[in-house]
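Just my_file.cif here, mmCIF, C-alpha atoms and all ligand atoms:
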```cif
data_my_file
loop_
_atom_site.label_atom_id
_atom_site.label_comp_id
_atom_site.auth_asym_id
_atom_site.auth_seq_id
_atom_site.Cartn_x
_atom_site.Cartn_y
_atom_site.Cartn_z
CA MET A 468 0.00 0.00 0.00
CA ASN A 469 1.58 3.24 -0.98
CA ASN A 470 -1.09 5.78 -1.82
CA MET A 471 -4.01 7.23 0.06
CA GLN A 472 -6.61 5.58 -2.16
CA GLU A 473 -5.16 2.13 -1.56
CA TYR A 474 -5.19 2.65 2.21
CA MET A 475 -8.81 3.77 2.16
CA GLU A 476 -9.89 0.81 0.01
CA THR A 477 -8.02 -1.63 2.25
CA ALA A 478 -9.55 -0.02 5.34
CA GLU A 479 -13.03 -0.76 4.03
CA LYS A 480 -12.00 -4.40 3.64
CA VAL A 481 -10.35 -4.96 7.01
CA ILE A 482 -11.86 -2.47 9.48
CA LEU A 483 -15.37 -3.12 10.74
CA LYS A 484 -17.61 -0.54 9.16
CA THR A 485 -19.14 1.27 12.12
CA TYR A 486 -18.13 4.69 10.78
CA ASN A 487 -18.59 6.56 7.53
CA ARG A 488 -15.15 8.12 7.34
CA PHE A 489 -14.10 11.26 5.56
CA PRO A 490 -11.96 10.48 2.52
CA MET A 491 -8.44 11.12 3.69
CA VAL A 492 -5.71 9.30 5.59
CA LEU A 493 -4.18 11.47 8.28
CA GLU A 494 -0.51 10.94 8.80
CA LYS A 495 0.99 13.57 11.06
CA GLY A 496 0.19 16.54 13.23
CA GLU A 497 2.01 19.73 14.09
CA GLY A 498 0.66 22.47 16.35
CA VAL A 499 -3.06 22.79 15.60
CA CYS A 500 -2.83 21.29 12.12
CA LEU A 501 -3.05 17.80 10.71
CA TYR A 502 -1.58 16.58 7.43
CA ASP A 503 -2.80 13.75 5.23
CA MET A 504 -0.66 11.29 3.29
CA GLU A 505 -0.56 13.65 0.33
CA GLY A 506 0.71 16.50 2.47
CA LYS A 507 -2.54 18.46 2.50
CA ARG A 508 -2.85 20.66 5.59
CA TYR A 509 -5.98 20.80 7.74
CA LEU A 510 -6.64 23.34 10.48
CA ASP A 511 -8.14 21.18 13.21
CA PHE A 512 -11.19 22.44 15.11
CA GLY A 513 -12.20 18.95 16.24
CA ALA A 514 -9.09 17.86 18.17
CA GLY A 515 -9.86 14.18 17.61
CA ILE A 516 -13.25 14.79 19.29
CA ALA A 517 -12.16 17.15 22.07
CA VAL A 518 -9.11 15.08 22.93
CA SER A 519 -5.89 16.68 21.73
CA ALA A 520 -5.92 19.66 24.07
CA LEU A 521 -2.18 20.27 23.66
CA GLY A 522 -2.44 20.14 19.90
CA TYR A 523 -0.03 17.90 18.05
CA SER A 524 3.59 17.09 18.55
CA ASN A 525 4.09 19.10 21.73
CA ARG A 526 7.80 18.59 22.43
CA GLU A 527 7.64 18.36 26.23
CA PHE A 528 4.69 15.99 26.12
CA LYS A 529 6.41 13.72 23.60
CA GLU A 530 9.62 13.68 25.64
CA ALA A 531 7.78 12.70 28.81
CA LEU A 532 6.08 9.85 26.96
CA LYS A 533 9.33 8.67 25.39
CA ASP A 534 11.08 8.77 28.77
CA GLN A 535 8.32 6.63 30.27
CA ILE A 536 8.55 4.16 27.38
CA ASP A 537 12.23 3.78 28.14
CA LEU A 538 11.48 3.12 31.81
CA LEU A 539 8.33 0.99 31.88
CA ILE A 540 5.15 0.77 29.83
CA HIS A 541 2.99 -1.65 31.77
CA THR A 542 2.87 -3.59 35.02
CA SER A 543 -0.84 -4.28 35.86
CA ASN A 544 -2.63 -3.07 38.96
CA LEU A 545 -1.25 -5.84 41.16
CA TYR A 546 1.64 -3.50 41.98
CA TYR A 547 2.05 0.21 42.64
CA ASN A 548 3.62 2.37 39.97
CA LYS A 549 5.00 5.88 40.30
CA PRO A 550 3.19 7.67 37.45
CA ALA A 551 -0.26 6.43 38.59
CA VAL A 552 0.32 7.71 42.12
CA GLU A 553 1.55 11.05 40.85
CA ALA A 554 -1.31 11.44 38.36
CA ALA A 555 -3.97 10.50 40.91
CA LYS A 556 -2.50 12.97 43.41
CA LYS A 557 -2.74 15.75 40.83
CA ILE A 558 -6.35 14.87 39.98
CA THR A 559 -7.49 14.75 43.60
CA GLU A 560 -5.70 17.99 44.47
CA ALA A 561 -7.15 19.78 41.45
CA SER A 562 -10.69 18.53 42.03
CA GLY A 563 -10.83 18.53 45.81
CA MET A 564 -12.15 14.98 45.58
CA GLU A 565 -10.88 11.87 47.32
CA LYS A 566 -9.83 9.00 45.08
CA VAL A 567 -9.23 8.06 41.47
CA PHE A 568 -9.77 4.89 39.47
CA PHE A 569 -8.03 4.94 36.07
CA THR A 570 -9.71 3.44 33.03
CA ASN A 571 -8.88 3.17 29.33
CA SER A 572 -11.76 5.24 27.98
CA GLY A 573 -14.62 7.54 28.86
CA THR A 574 -17.12 4.72 28.56
CA GLU A 575 -15.28 2.71 31.17
CA ALA A 576 -15.09 5.73 33.44
CA ILE A 577 -18.89 5.92 33.24
CA GLU A 578 -19.21 2.17 33.92
CA GLY A 579 -17.16 2.57 37.07
CA ALA A 580 -19.06 5.65 38.18
CA LEU A 581 -22.35 3.78 37.79
CA LYS A 582 -21.05 0.80 39.70
CA ALA A 583 -19.89 3.05 42.54
CA ALA A 584 -23.37 4.57 42.82
CA ARG A 585 -25.11 1.20 42.72
CA LYS A 586 -22.80 -0.19 45.35
CA TYR A 587 -23.29 2.85 47.58
CA ALA A 588 -27.05 2.29 47.51
CA TYR A 589 -26.67 -1.47 47.91
CA LEU A 590 -24.63 -1.03 51.07
CA LYS A 591 -27.49 0.95 52.61
CA ASP A 592 -30.20 -1.48 51.48
CA PRO A 593 -29.35 -4.61 49.47
CA SER A 594 -32.98 -5.54 48.88
CA LYS A 595 -33.76 -3.21 45.96
CA GLU A 596 -33.10 -3.17 42.23
CA TYR A 597 -31.57 0.23 41.80
CA GLU A 598 -31.91 2.57 38.86
CA PHE A 599 -30.47 5.82 37.55
CA ILE A 600 -32.00 9.06 36.44
CA ALA A 601 -30.33 10.27 33.27
CA MET A 602 -31.01 13.08 30.83
CA ASP A 603 -32.63 13.20 27.42
CA HIS A 604 -30.08 13.78 24.65
CA SER A 605 -27.23 12.74 26.91
CA PHE A 606 -24.27 10.74 25.70
CA HIS A 607 -22.24 8.57 28.07
CA GLY A 608 -20.70 5.89 25.85
CA ARG A 609 -21.38 2.70 23.94
CA SER A 610 -21.01 -0.19 26.38
CA GLN A 611 -24.24 -1.76 27.60
CA GLY A 612 -23.99 0.03 30.94
CA ALA A 613 -23.12 3.44 29.52
CA LEU A 614 -25.78 2.99 26.82
CA SER A 615 -28.35 2.44 29.56
CA VAL A 616 -28.00 6.06 30.64
CA THR A 617 -27.53 7.50 27.14
CA GLY A 618 -30.77 9.33 26.38
CA ASN A 619 -30.81 8.96 22.63
CA ALA A 620 -32.85 6.27 20.89
CA HIS A 621 -30.46 6.36 17.96
CA TYR A 622 -27.60 4.95 20.05
CA GLN A 623 -29.78 2.39 21.86
CA GLU A 624 -31.59 1.05 18.81
CA GLY A 625 -30.91 -2.65 18.31
CA PHE A 626 -29.44 -3.08 21.78
CA VAL A 627 -32.44 -2.98 24.09
CA PRO A 628 -32.98 -4.08 26.74
CA VAL A 629 -29.76 -2.35 27.73
CA GLY A 630 -27.80 -3.34 30.81
CA MET A 631 -29.01 -1.15 33.66
CA ARG A 632 -32.27 0.40 34.70
CA ALA A 633 -32.56 4.08 33.88
CA VAL A 634 -35.36 6.60 33.59
CA PHE A 635 -34.92 9.78 31.62
CA ALA A 636 -35.79 13.38 32.29
CA GLU A 637 -35.44 16.60 30.35
CA PHE A 638 -32.03 18.20 30.80
CA ASN A 639 -32.34 21.45 32.79
CA ASN A 640 -35.84 20.53 33.97
CA LEU A 641 -35.32 20.13 37.71
CA GLU A 642 -38.98 19.55 38.47
CA GLN A 643 -39.11 16.63 36.05
CA VAL A 644 -35.95 15.07 37.50
CA VAL A 645 -37.36 15.36 41.01
CA SER A 646 -40.63 13.78 39.88
CA ARG A 647 -38.69 10.73 38.64
CA ILE A 648 -37.02 10.02 41.99
CA THR A 649 -38.20 6.87 43.76
CA ASP A 650 -36.76 4.72 46.54
CA ARG A 651 -34.99 2.78 43.80
CA THR A 652 -33.01 5.79 42.54
CA CYS A 653 -29.34 5.35 43.32
CA GLY A 654 -27.82 8.06 41.16
CA ILE A 655 -28.45 11.01 38.92
CA ILE A 656 -26.08 11.33 36.01
CA CYS A 657 -25.58 14.27 33.67
CA GLU A 658 -23.03 16.08 31.57
CA VAL A 659 -22.30 19.59 32.80
CA VAL A 660 -22.32 20.69 29.18
CA GLN A 661 -24.00 18.19 26.87
CA GLY A 662 -21.61 17.44 24.02
CA GLU A 663 -22.90 14.91 21.49
CA GLY A 664 -26.44 16.09 22.26
CA GLY A 665 -25.71 19.46 20.64
CA ILE A 666 -23.63 21.63 23.08
CA TYR A 667 -26.17 22.46 25.76
CA PRO A 668 -24.73 23.93 28.99
CA ALA A 669 -26.53 23.13 32.23
CA ASP A 670 -28.42 25.97 33.90
CA PRO A 671 -26.82 26.97 37.20
CA ALA A 672 -30.12 26.51 39.04
CA PHE A 673 -30.45 23.00 37.60
CA LEU A 674 -27.10 21.80 38.95
CA THR A 675 -27.63 23.54 42.29
CA GLY A 676 -31.04 21.88 42.51
CA LEU A 677 -29.63 18.44 41.66
CA ARG A 678 -27.00 18.83 44.38
CA LYS A 679 -29.64 19.75 46.91
CA ILE A 680 -32.03 16.93 46.09
CA CYS A 681 -29.22 14.37 45.98
CA ASP A 682 -28.12 15.48 49.45
CA GLU A 683 -31.65 15.32 50.81
CA LYS A 684 -32.31 11.85 49.40
CA ASP A 685 -28.77 10.51 49.86
CA ILE A 686 -28.44 9.78 46.14
CA LEU A 687 -25.12 10.07 44.34
CA LEU A 688 -24.68 12.87 41.83
CA ILE A 689 -22.50 11.84 38.88
CA PHE A 690 -21.08 14.43 36.52
CA ASP A 691 -19.84 13.21 33.18
CA GLU A 692 -16.98 15.59 32.41
CA VAL A 693 -15.48 13.34 29.75
CA GLN A 694 -15.89 16.05 27.12
CA CYS A 695 -16.48 19.30 29.03
CA GLY A 696 -13.75 18.73 31.63
CA MET A 697 -9.98 19.21 31.48
CA GLY A 698 -10.00 22.91 30.80
CA ARG A 699 -12.31 22.83 27.83
CA CYS A 700 -14.93 25.17 29.25
CA GLY A 701 -12.52 27.71 30.69
CA SER A 702 -12.04 26.11 34.11
CA LEU A 703 -10.23 22.88 34.84
CA PHE A 704 -13.54 21.11 35.47
CA ALA A 705 -16.76 22.51 34.06
CA HIS A 706 -18.55 22.11 37.39
CA ASP A 707 -16.12 24.60 38.94
CA LEU A 708 -17.88 27.30 36.89
CA TYR A 709 -21.09 26.44 38.74
CA GLY A 710 -19.71 25.93 42.21
CA VAL A 711 -21.47 22.55 42.40
CA LYS A 712 -19.48 19.43 43.34
CA PRO A 713 -20.43 15.95 42.19
CA ASP A 714 -20.06 12.78 44.26
CA VAL A 715 -18.50 11.02 41.30
CA MET A 716 -16.91 12.54 38.23
CA ALA A 717 -15.97 10.83 34.97
CA LEU A 718 -13.01 12.09 32.92
CA ALA A 719 -11.33 11.02 29.69
CA LYS A 720 -10.82 12.73 26.30
CA GLY A 721 -8.47 15.63 27.21
CA LEU A 722 -7.14 13.75 30.25
CA GLY A 723 -4.44 11.95 28.25
CA CYS A 724 -4.32 14.34 25.28
CA GLY A 725 -4.34 11.41 22.88
CA VAL A 726 -3.01 8.63 25.07
CA PRO A 727 -6.11 6.49 25.72
CA VAL A 728 -6.96 6.97 29.38
CA GLY A 729 -9.98 7.85 31.48
CA ALA A 730 -10.77 8.04 35.16
CA PHE A 731 -13.58 8.20 37.60
CA VAL A 732 -13.05 10.24 40.69
CA VAL A 733 -15.02 9.82 43.90
CA GLY A 734 -15.72 12.35 46.62
CA LYS A 735 -16.09 11.70 50.35
CA LYS A 736 -19.53 10.15 50.12
CA ALA A 737 -18.74 7.58 47.45
CA ASP A 738 -15.30 6.79 48.80
CA GLY A 739 -15.40 3.26 50.24
CA ALA A 740 -18.37 2.02 48.22
CA LEU A 741 -16.10 -0.01 45.95
CA VAL A 742 -13.73 -2.37 47.77
CA PRO A 743 -11.10 -4.89 46.61
CA GLY A 744 -12.74 -7.34 44.24
CA ASP A 745 -15.54 -4.98 43.18
CA HIS A 746 -13.83 -3.48 40.18
CA GLY A 747 -10.65 -3.84 38.17
CA THR A 748 -8.79 -3.35 34.93
CA THR A 749 -5.64 -4.79 33.42
CA TYR A 750 -4.42 -1.69 31.63
CA GLY A 751 -6.12 1.12 33.55
CA GLY A 752 -3.60 3.57 34.98
CA ASN A 753 -0.61 1.74 33.61
CA PRO A 754 2.68 3.65 33.85
CA PHE A 755 2.56 4.86 30.26
CA ALA A 756 -1.03 6.17 30.37
CA ALA A 757 -0.55 7.64 33.83
CA ALA A 758 2.66 9.40 32.80
CA ALA A 759 0.61 11.08 30.08
CA VAL A 760 -1.99 12.26 32.60
CA SER A 761 0.66 13.50 34.97
CA LYS A 762 2.42 15.47 32.22
CA VAL A 763 -0.88 16.88 30.97
CA PHE A 764 -1.50 18.38 34.42
CA ASP A 765 2.02 19.83 34.55
CA LEU A 766 1.71 21.36 31.11
CA PHE A 767 -1.74 22.77 31.78
CA GLU A 768 -0.18 24.59 34.70
CA SER A 769 3.08 25.73 33.12
CA MET A 770 1.29 26.89 29.97
CA ASN A 771 -1.47 28.59 31.93
CA LEU A 772 -3.79 26.78 29.58
CA VAL A 773 -7.06 27.26 31.44
CA SER A 774 -6.84 31.05 31.40
CA HIS A 775 -5.77 30.88 27.77
CA VAL A 776 -8.97 28.92 27.05
CA LYS A 777 -11.00 31.62 28.75
CA GLU A 778 -9.44 34.35 26.60
CA VAL A 779 -9.45 32.63 23.25
CA GLY A 780 -12.86 31.11 24.06
CA ASP A 781 -14.29 34.61 24.51
CA TYR A 782 -12.74 35.63 21.22
CA LEU A 783 -14.27 32.58 19.50
CA TYR A 784 -17.59 33.42 21.12
CA ASP A 785 -17.60 36.94 19.67
CA LYS A 786 -16.60 35.73 16.22
CA LEU A 787 -19.32 33.06 16.19
CA GLU A 788 -21.88 35.64 17.33
CA GLU A 789 -20.87 37.84 14.37
CA LEU A 790 -21.22 34.85 12.08
CA LYS A 791 -24.64 34.07 13.48
CA ASP A 792 -25.75 37.66 12.94
CA SER A 793 -24.65 37.62 9.32
CA PHE A 794 -26.26 34.33 8.27
CA PRO A 795 -29.99 33.87 8.92
CA LEU A 796 -29.62 30.10 8.48
CA ILE A 797 -27.67 30.04 11.77
CA THR A 798 -30.37 29.85 14.38
CA ASP A 799 -28.50 29.51 17.67
CA HIS A 800 -25.09 29.76 19.28
CA ARG A 801 -24.31 28.02 22.59
CA GLY A 802 -21.43 26.98 24.78
CA MET A 803 -18.46 28.33 26.65
CA GLY A 804 -14.68 28.28 26.52
CA LEU A 805 -13.57 26.08 23.67
CA MET A 806 -16.74 24.01 23.63
CA GLN A 807 -19.20 25.89 21.49
CA GLY A 808 -21.86 25.04 18.96
CA LEU A 809 -23.65 26.75 16.10
CA GLU A 810 -27.09 25.48 15.23
CA PHE A 811 -28.30 25.76 11.64
CA ASP A 812 -31.80 25.44 10.22
CA LEU A 813 -30.51 22.65 7.97
CA PRO A 814 -28.25 19.59 8.28
CA VAL A 815 -24.62 20.70 8.56
CA GLY A 816 -23.07 17.67 6.83
CA PRO A 817 -22.53 19.47 3.49
CA ILE A 818 -20.95 22.50 5.20
CA VAL A 819 -18.60 20.26 7.19
CA LYS A 820 -17.62 18.48 3.95
CA GLU A 821 -17.07 21.74 2.12
CA ALA A 822 -14.90 23.06 4.98
CA LEU A 823 -12.86 19.87 4.88
CA SER A 824 -12.11 20.28 1.20
CA ARG A 825 -10.93 23.80 2.06
CA GLY A 826 -8.57 22.49 4.74
CA LEU A 827 -10.65 22.90 7.89
CA LEU A 828 -11.71 20.02 10.14
CA LEU A 829 -15.03 20.56 11.87
CA ILE A 830 -17.29 18.08 13.58
CA SER A 831 -21.02 18.06 14.07
CA ALA A 832 -23.05 17.29 17.19
CA GLY A 833 -26.34 15.93 15.95
CA ALA A 834 -27.60 16.75 12.46
CA ASN A 835 -27.88 20.54 12.66
CA VAL A 836 -25.09 21.64 14.97
CA ILE A 837 -21.45 22.35 14.17
CA ARG A 838 -19.38 21.80 17.27
CA PHE A 839 -16.19 23.74 17.93
CA VAL A 840 -13.82 21.77 20.17
CA PRO A 841 -10.34 22.70 18.94
CA PRO A 842 -7.03 22.00 20.66
CA LEU A 843 -6.91 24.27 23.71
CA VAL A 844 -3.70 25.85 22.43
CA ILE A 845 -5.34 27.59 19.46
CA THR A 846 -4.76 31.31 19.04
CA GLU A 847 -6.93 34.18 17.83
CA LYS A 848 -5.20 33.90 14.47
CA ASP A 849 -6.37 30.27 14.16
CA VAL A 850 -9.90 31.38 15.05
CA ASP A 851 -9.74 34.01 12.29
CA GLU A 852 -8.59 31.43 9.76
CA MET A 853 -11.33 29.02 10.81
CA ILE A 854 -14.01 31.72 10.56
CA SER A 855 -12.92 32.77 7.11
CA ILE A 856 -12.97 29.19 5.76
CA LEU A 857 -16.28 28.44 7.47
CA LYS A 858 -17.81 31.58 5.93
CA GLU A 859 -16.74 30.46 2.46
CA ALA A 860 -18.12 26.97 3.11
CA ILE A 861 -21.48 28.34 4.25
CA ILE A 862 -21.74 30.68 1.27
CA GLU A 863 -20.76 27.90 -1.15
CA GLN A 864 -23.30 25.53 0.38
CA SER A 865 -26.18 28.01 0.53
CA ALA A 866 -25.53 28.78 -3.15
CA VAL A 867 -25.84 25.06 -3.95
CA SER A 868 -28.95 24.31 -1.89
C1 LIG A 901 -16.89 10.73 24.42
C2 LIG A 901 -17.77 10.70 25.59
C3 LIG A 901 -17.94 9.53 26.34
C4 LIG A 901 -17.33 8.21 25.95
O1 LIG A 901 -15.95 8.25 25.94
P1 LIG A 901 -15.12 7.13 25.09
O2 LIG A 901 -13.69 7.45 25.40
O3 LIG A 901 -15.50 7.31 23.65
O4 LIG A 901 -15.50 5.80 25.60
C5 LIG A 901 -18.72 9.60 27.49
N1 LIG A 901 -19.30 10.75 27.86
C6 LIG A 901 -19.15 11.89 27.16
C7 LIG A 901 -19.81 13.14 27.63
C8 LIG A 901 -18.41 11.90 25.99
O5 LIG A 901 -18.29 13.02 25.29
#
```
Produce structure tokens that represent the structure in this file.
Amino acid sequence: MNNMQEYMETAEKVILKTYNRFPMVLEKGEGVCLYDMEGKRYLDFGAGIAVSALGYSNREFKEALKDQIDLLIHTSNLYYNKPAVEAAKKITEASGMEKVFFTNSGTEAIEGALKAARKYAYLKDPSKEYEFIAMDHSFHGRSQGALSVTGNAHYQEGFVPVGMRAVFAEFNNLEQVVSRITDRTCGIICEVVQGEGGIYPADPAFLTGLRKICDEKDILLIFDEVQCGMGRCGSLFAHDLYGVKPDVMALAKGLGCGVPVGAFVVGKKADGALVPGDHGTTYGGNPFAAAAVSKVFDLFESMNLVSHVKEVGDYLYDKLEELKDSFPLITDHRGMGLMQGLEFDLPVGPIVKEALSRGLLLISAGANVIRFVPPLVITEKDVDEMISILKEAIIEQSAVS
């Protein structure tokens, strides 16, 4: 195989077709740009789905990973390893929470979070079949457990009955959530900013209300910060912006900046629910993955990345507002920091495709929303370039349709 076409044709033969991929083979990254096999440059406003917060080929990050490869890649969780201890210490200090369990993905972080909540309820009363309250249009992952709390028929279709009991309520509708609580409710799970569902931030009163009702009923509150956490919204964790603490938090995506790693983090209440034998993983928190997490925290700090996100996020916000005001087919603009969305009155697929051919990677969130989740290191100049390409793509597409 030596050209792009051959790779793509072979891919369709040997890789299970669960995705309709865009027609290029990406080969390398530098800064906030990706390059395909033919050397074409793409400005990346998707960051591998909100993952590559440091952009591509960050020298210090690469060196830390290479150093860890030279030392030790894997040992299992039967033994302690230095990077995992260091990474967990940084997460607990940054979040003010108690303990960390490392996973290999966001989905697994959700699985663990759900198990912690079930076990917490079980320890109080083992006689009940517990259930979760989850939100409409939520996304928590593709395993049977995470699917159970994913409030989107599209993802569940063909896989029901899914693994765990869940009832759904409207996101940001506190009254409806409260009306769903029964003596079987063991946890309430929500994203602080819904990602896949279309970039919907929680209302402050909603999260405050969830905290209060969970305290009153002794139910665990689980925040899925897999996408909105790790600086993306302009604070290290999105819930910091609201001043509302969860009992369990799920992290992944930006946590390893491309090294596959996730975590669930428990606060005081949930600490102790899971005991030896209750949960495990072979890879989770191995020295290589944990070294990535540890370095990500160091770099976030030394680069002052969170305040950078706030600044450039505000700039992006203003530019997207201007765009919205100049195109009537843009009907809404939502989000914060570097997690923003533009809603159109038509499916955005053709615009995303047009932008791609012009060297800009964008991703959608649902049919009508373009989601902006670039590397956190982007500058105002990158925002300007993105806006100018996006404008051309919108004009081109509205001329066609
Ligand atoms: C991506 C995502 C997940 C699943 O993470 P994976 O690493 O794909 O398993 C869960 N929750 C949210 C909010 C996500 O955005």
Using all atoms listed in the file, what does the table of chain A residues within 8 Å of ligand LIG 901 (chain A) look like, with each row giving the shortest atom pair and its distance in Å to one decimal, sorted by chain and ascending number, as JSON lines?
```
{"residue": "A:Ile516", "atom": "CA", "partner": "A:LIG901", "partner_atom": "C1", "distance": 7.5}
{"residue": "A:Asn571", "atom": "CA", "partner": "A:LIG901", "partner_atom": "O2", "distance": 7.5}
{"residue": "A:Ser572", "atom": "CA", "partner": "A:LIG901", "partner_atom": "O2", "distance": 3.9}
{"residue": "A:Gly573", "atom": "CA", "partner": "A:LIG901", "partner_atom": "O1", "distance": 3.3}
{"residue": "A:Thr574", "atom": "CA", "partner": "A:LIG901", "partner_atom": "O4", "distance": 3.5}
{"residue": "A:Glu575", "atom": "CA", "partner": "A:LIG901", "partner_atom": "O4", "distance": 6.4}
{"residue": "A:Ala576", "atom": "CA", "partner": "A:LIG901", "partner_atom": "O4", "distance": 7.9}
{"residue": "A:Ile577", "atom": "CA", "partner": "A:LIG901", "partner_atom": "C5", "distance": 6.8}
{"residue": "A:Ser605", "atom": "CA", "partner": "A:LIG901", "partner_atom": "C7", "distance": 7.5}
{"residue": "A:Phe606", "atom": "CA", "partner": "A:LIG901", "partner_atom": "N1", "distance": 5.4}
{"residue": "A:His607", "atom": "CA", "partner": "A:LIG901", "partner_atom": "N1", "distance": 3.7}
{"residue": "A:Gly608", "atom": "CA", "partner": "A:LIG901", "partner_atom": "C4", "distance": 4.1}
{"residue": "A:Arg609", "atom": "CA", "partner": "A:LIG901", "partner_atom": "O4", "distance": 6.9}
{"residue": "A:Ala613", "atom": "CA", "partner": "A:LIG901", "partner_atom": "C5", "distance": 7.8}
{"residue": "A:Glu658", "atom": "CA", "partner": "A:LIG901", "partner_atom": "C7", "distance": 5.9}
{"residue": "A:Gln661", "atom": "CA", "partner": "A:LIG901", "partner_atom": "C7", "distance": 6.6}
{"residue": "A:Gly662", "atom": "CA", "partner": "A:LIG901", "partner_atom": "O5", "distance": 5.7}
{"residue": "A:Glu663", "atom": "CA", "partner": "A:LIG901", "partner_atom": "O5", "distance": 6.3}
{"residue": "A:Asp691", "atom": "CA", "partner": "A:LIG901", "partner_atom": "C7", "distance": 5.6}
{"residue": "A:Glu692", "atom": "CA", "partner": "A:LIG901", "partner_atom": "C7", "distance": 6.1}
{"residue": "A:Val693", "atom": "CA", "partner": "A:LIG901", "partner_atom": "C6", "distance": 4.7}
{"residue": "A:Gln694", "atom": "CA", "partner": "A:LIG901", "partner_atom": "O5", "distance": 4.3}
{"residue": "A:Cys695", "atom": "CA", "partner": "A:LIG901", "partner_atom": "C7", "distance": 7.1}
{"residue": "A:Ala717", "atom": "CA", "partner": "A:LIG901", "partner_atom": "N1", "distance": 7.9}
{"residue": "A:Ala719", "atom": "CA", "partner": "A:LIG901", "partner_atom": "O2", "distance": 6.1}
{"residue": "A:Lys720", "atom": "CA", "partner": "A:LIG901", "partner_atom": "O2", "distance": 6.1}
{"residue": "A:Pro727", "atom": "CA", "partner": "A:LIG901", "partner_atom": "O2", "distance": 7.6}
{"residue": "A:Val728", "atom": "CA", "partner": "A:LIG901", "partner_atom": "O2", "distance": 7.8}
{"residue": "A:Gly729", "atom": "CA", "partner": "A:LIG901", "partner_atom": "O2", "distance": 7.1}
```
- Task: Measure the distance from atom CA of A:Phe811 to atom CA of A:Leu843 in Å and round it to one decimal.
- Result: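 Interatomic distance, atom CA of A:Phe811 to atom CA of A:Leu843: 24.6 Å.
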- Message: Report, in Å to a single decimal, how far apart atom CA of A:Val499 and atom CA of A:Lys848 are.
- Response: 11.4 Å
- Which one of A:Gly698, A:Gly723, A:Pro841, A:Gly739 sits closest to A:Leu783 if you count only C-alpha atoms?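 The shortest atom-to-atom distance to A:Leu783 comes from A:Pro841.
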- Message: With distances taken over only C-alpha atoms, which residue among A:Ala620, A:Leu857, A:Val644, A:Ala517 lies nearest A:Glu821?
- Response: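 Nearest candidate to A:Glu821 out of A:Ala620, A:Leu857, A:Val644, A:Ala517: A:Leu857.
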- In Å to one decimal, how far is atom CA of A:Gly725 from atom CA of A:Val492?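 Distance reported for this atom pair: 17.5 Å.
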